[in-house]
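Novice: Data file my_file37.txt (compact mmCIF, C-alpha atoms) is appended below.
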```txt
# COMPACT_ATOMS: atom_id res chain seq x y z
CA MET A 57 29.98 -50.15 34.62
CA PRO A 58 29.20 -47.76 37.42
CA THR A 59 25.60 -47.36 38.45
CA PRO A 60 25.28 -43.62 37.57
CA LEU A 61 26.43 -44.27 34.00
CA MET A 62 23.94 -47.10 33.54
CA GLY A 63 21.20 -44.92 35.04
CA LEU A 64 22.06 -42.14 32.60
CA LEU A 65 22.00 -44.59 29.68
CA LEU A 66 18.62 -45.87 30.82
CA LEU A 67 17.17 -42.35 31.06
CA ILE A 68 18.55 -41.33 27.67
CA SER A 69 17.22 -44.50 26.06
CA VAL A 70 13.77 -44.17 27.59
CA ALA A 71 13.57 -40.55 26.40
CA ALA A 72 15.03 -41.22 22.95
CA VAL A 73 12.66 -44.00 21.89
CA PRO A 74 9.48 -41.84 21.97
CA ALA A 75 11.41 -38.98 20.33
CA CYS A 76 12.48 -41.28 17.49
CA ILE A 77 8.93 -42.58 17.11
CA LEU A 78 7.73 -38.98 16.82
CA VAL A 79 10.35 -38.33 14.15
CA ILE A 80 9.17 -41.40 12.20
CA VAL A 81 5.55 -40.20 12.38
CA LEU A 82 6.55 -36.75 11.17
CA MET A 83 8.64 -38.25 8.37
CA LEU A 84 5.77 -40.44 7.20
CA ARG A 85 3.38 -37.47 7.10
CA ASN A 86 5.54 -35.94 4.37
CA PRO A 87 5.94 -38.89 1.97
CA PRO A 88 8.85 -37.77 -0.25
CA ARG A 89 11.45 -38.87 2.33
CA SER A 90 14.27 -41.20 1.48
CA LEU A 91 14.05 -44.74 2.68
CA SER A 92 17.57 -44.52 4.07
CA ARG A 93 16.52 -41.86 6.59
CA ILE A 94 13.56 -43.92 7.76
CA CYS A 95 15.83 -46.97 8.18
CA ALA A 96 18.34 -44.86 10.10
CA VAL A 97 15.68 -43.66 12.55
CA LEU A 98 14.36 -47.22 12.92
CA ALA A 99 17.93 -48.31 13.72
CA LEU A 100 18.02 -45.66 16.46
CA ILE A 101 14.68 -46.86 17.85
CA PHE A 102 15.83 -50.48 18.00
CA GLY A 103 19.25 -49.54 19.39
CA PHE A 104 17.87 -47.34 22.14
CA SER A 105 15.24 -50.00 22.96
CA ALA A 106 17.96 -52.64 23.31
CA THR A 107 19.93 -50.28 25.56
CA ALA A 108 16.89 -49.61 27.75
CA VAL A 109 16.08 -53.31 28.15
CA TYR A 110 19.71 -54.17 28.92
CA CYS A 111 20.02 -51.35 31.48
CA TYR A 112 16.81 -52.51 33.15
CA GLY A 113 18.19 -56.04 33.39
CA TRP A 114 21.55 -54.71 34.59
CA PHE A 115 19.85 -52.87 37.43
CA SER A 116 17.88 -55.97 38.37
CA VAL A 117 21.15 -57.92 38.60
CA THR A 118 23.18 -55.20 40.31
CA LEU A 119 20.64 -54.01 42.82
CA GLY A 120 19.72 -57.56 43.61
CA GLY A 121 16.01 -56.98 43.66
CA PRO A 122 14.51 -60.01 45.34
CA PHE A 123 17.37 -62.25 44.19
CA PRO A 124 19.25 -63.33 47.34
CA GLU A 125 16.00 -63.73 49.25
CA LEU A 126 14.61 -66.01 46.52
CA CYS A 127 17.37 -68.56 46.97
CA GLU A 128 16.16 -71.29 49.24
CA ASP A 129 18.59 -72.99 51.60
CA ARG A 130 17.64 -76.34 50.12
CA HIS A 131 16.62 -77.17 46.58
CA THR A 132 13.58 -79.37 45.98
CA SER A 133 16.01 -82.26 45.44
CA GLY A 134 17.37 -81.70 48.94
CA ALA A 135 20.75 -80.23 47.92
CA GLN A 136 22.22 -77.39 49.99
CA LEU A 137 22.76 -73.92 48.54
CA ALA A 138 26.40 -73.81 47.39
CA SER A 139 26.78 -70.31 45.92
CA LEU A 140 25.17 -67.35 44.20
CA LYS A 141 26.24 -66.30 40.71
CA GLN A 142 25.73 -62.90 39.11
CA ASP A 143 26.74 -62.23 35.50
CA PHE A 144 26.25 -59.00 33.64
CA TRP A 145 26.55 -60.40 30.14
CA PRO A 146 24.44 -62.33 29.66
CA LEU A 147 22.30 -60.92 32.44
CA ARG A 148 21.97 -63.67 35.01
CA ASN A 149 21.19 -64.20 38.67
CA ALA A 150 21.42 -67.82 39.71
CA CYS A 151 21.29 -69.90 42.86
CA ILE A 152 23.73 -72.80 42.51
CA TYR A 153 23.11 -75.89 44.63
CA ALA A 154 25.51 -78.61 45.73
CA ASP A 155 24.13 -81.14 43.24
CA GLY A 156 24.94 -78.77 40.35
CA SER A 157 21.40 -77.60 39.71
CA THR A 158 20.73 -73.90 39.24
CA VAL A 159 17.68 -71.71 39.61
CA GLU A 160 17.71 -68.59 37.41
CA HIS A 161 16.03 -65.39 38.54
CA VAL A 162 16.64 -63.17 35.51
CA SER A 163 15.01 -64.97 32.64
CA SER A 164 16.85 -65.62 29.43
CA SER A 165 14.01 -63.92 27.56
CA ILE A 166 15.52 -60.55 28.57
CA ASN A 167 18.77 -61.55 26.87
CA VAL A 168 16.95 -62.81 23.78
CA PHE A 169 14.97 -59.56 23.62
CA VAL A 170 18.19 -57.53 23.82
CA TYR A 171 19.81 -59.66 21.08
CA VAL A 172 16.80 -59.32 18.78
CA LEU A 173 16.56 -55.55 19.23
CA ALA A 174 20.29 -55.09 18.76
CA GLY A 175 20.22 -57.30 15.66
CA LEU A 176 17.36 -55.29 14.19
CA ALA A 177 19.27 -52.08 14.92
CA VAL A 178 22.32 -53.37 13.05
CA ALA A 179 20.16 -54.62 10.16
CA MET A 180 18.40 -51.26 9.85
CA ALA A 181 21.71 -49.37 10.00
CA CYS A 182 23.10 -51.58 7.22
CA ALA A 183 19.94 -51.12 5.17
CA ALA A 184 20.16 -47.33 5.57
CA PHE A 185 23.79 -47.42 4.47
CA LEU A 186 23.00 -49.60 1.44
CA TYR A 187 20.00 -47.49 0.37
CA ARG A 188 22.08 -44.34 0.61
CA ARG A 189 24.97 -45.92 -1.27
CA ALA A 190 22.69 -47.31 -3.99
CA ARG A 191 21.17 -43.87 -4.47
CA ASN A 192 24.61 -42.33 -5.04
CA ILE A 193 25.70 -44.80 -7.75
CA PRO A 194 25.57 -43.13 -11.18
CA GLU A 195 23.24 -44.59 -13.82
CA GLY A 196 24.74 -47.10 -16.24
CA THR A 197 27.38 -48.46 -13.83
CA SER A 198 27.27 -51.75 -12.01
```
Represent the structure of the file as structure tokens.

Specialist:
Amino acid sequence: MPTPLMGLLLLISVAAVPACILVIVLMLRNPPRSLSRICAVLALIFGFSATAVYCYGWFSVTLGGPFPELCEDRHTSGAQLASLKQDFWPLRNACIYADGSTVEHVSSSINVFVYVLAGLAVAMACAAFLYRRARNIPEGTS
């Protein structure tokens, strides 16, 4: 994806998360709200958080950060630097040495964090859908 689009997604996500948290606080102040609406807003919070974390990692991979400078010419085992590898999904910067060893510079915890947040967003969206659907089922039917 082009850099301006990812920057726009990052800005929107960073602005949307506090806005969604404010909506949750306002919804909880007035208790007779449906659970499906609260789950829907929680899905938005988790989804926008996952987007923000992914965009941050994408920029760290794309813009290089300290990545190429962190690759040493020789690994501790004595092997020469063979190549550099950049992947955008999963986010990864790696120095690959001649003996096959790699040194990662974007930790896998960023990917795990994105997966967990995205999974929570999907779970909350499904819960909101099921709560709304269960509320619309007429009494006495199964």

Novice: For Asp143 (chain A), which residue out of A:His161, A:Glu128, A:Arg93, A:Val117 is the nearest one, using all atoms listed in the file?

Specialist: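 Ranking A:His161, A:Glu128, A:Arg93, A:Val117 by distance to Asp143 (chain A), first place goes to A:Val117.
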
Novice: Between A:Ile94, A:Val172, A:Val162, A:Met62, which one has atoms that come closest to Leu126 (chain A), using only C-alpha atoms?

Specialist: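 Under the stated criterion, the closest residue is A:Val162.
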
Novice: Counting all atoms listed in the file, which residue out of A:Val170, A:Val73, A:Leu66, A:Cys151 sits closest to Gln136 (chain A)?

Specialist: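 Ranked by minimum distance to Gln136 (chain A), first place goes to A:Cys151.
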
Novice: Would you mind listing what lies within 12 Å of Cys127 (chain A) as a ChimeraX atom specification, with only C-alpha atoms counted and same-chain residues fewer than 5 positions away left out?

Specialist: /A:120,122,132,136-141,149-153,158-161

Novice: So what do you get for CA of Leu100 (chain A) versus CA of Ser165 (chain A), distance-wise?

Specialist: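 Rounded to one decimal, the two atoms are 21.7 Å apart.
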
Novice: Give as a list in words the set of residues within 9 Å of the point (14.2, -44.5, 10.5), where distances use the file's coordinates and all atoms listed in the file.

Specialist: Cys76, Ile77, Val79, Ile80, Met83, Leu91, Ser92, Arg93, Ile94, Cys95, Ala96, Val97, Leu98, Ala99, Leu100, Ile101, Met180, Ala181 and Ala184 of chain A

Novice: For CA of Val109 (chain A) and CA of Leu186 (chain A), quote the distance in Å rounded to one decimal.

Specialist: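 Separation of CA of Val109 (chain A) and CA of Leu186 (chain A): 27.8 Å.
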
Novice: How would you write as an MDAnalysis selection string the residues that get within 8 Å of (19.3, -46.9, 26.9) in the file's frame, counting all atoms listed in the file?

Specialist: chainID A and resid 64:70 103:111

Novice: Interatomic distance between CA of Thr118 (chain A) and CA of Ile166 (chain A)?

Specialist: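 Going from CA of Thr118 (chain A) over to CA of Ile166 (chain A), I get 15.0 Å.
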
Novice: Ala135 (chain A): which residues within 6 Å, counting all atoms listed in the file, same-chain residues fewer than 2 positions away excluded, as a VMD selection string?

Specialist: chain A and resid 130 to 131 133 153 to 155

Novice: Selection from above, C-alpha atoms, as a short mmCIF file (atom, residue, chain, number, x, y, z; two decimals), keeping the file's coordinate frame, can you write it?

Specialist:
```cif
data_model
loop_
_atom_site.label_atom_id
_atom_site.label_comp_id
_atom_site.auth_asym_id
_atom_site.auth_seq_id
_atom_site.Cartn_x
_atom_site.Cartn_y
_atom_site.Cartn_z
CA ARG A 130 17.64 -76.34 50.12
CA HIS A 131 16.62 -77.17 46.58
CA SER A 133 16.01 -82.26 45.44
CA TYR A 153 23.11 -75.89 44.63
CA ALA A 154 25.51 -78.61 45.73
CA ASP A 155 24.13 -81.14 43.24
#
```

Novice: In terms of the shortest atom-to-atom distance over all atoms listed in the file, which of A:Gly63, A:Gly134, A:Phe185, A:Val81 is closest to Ser157 (chain A)?

Specialist: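 The shortest atom-to-atom distance to Ser157 (chain A) comes from A:Gly134.
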
Novice: Choose the residue, out of A:Ala71, A:Leu176, A:Ser164, A:Arg85, that has the smallest atom-to-atom separation from Trp145 (chain A); count all atoms listed in the file.

Specialist: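 Ranking A:Ala71, A:Leu176, A:Ser164, A:Arg85 by distance to Trp145 (chain A), first place goes to A:Ser164.
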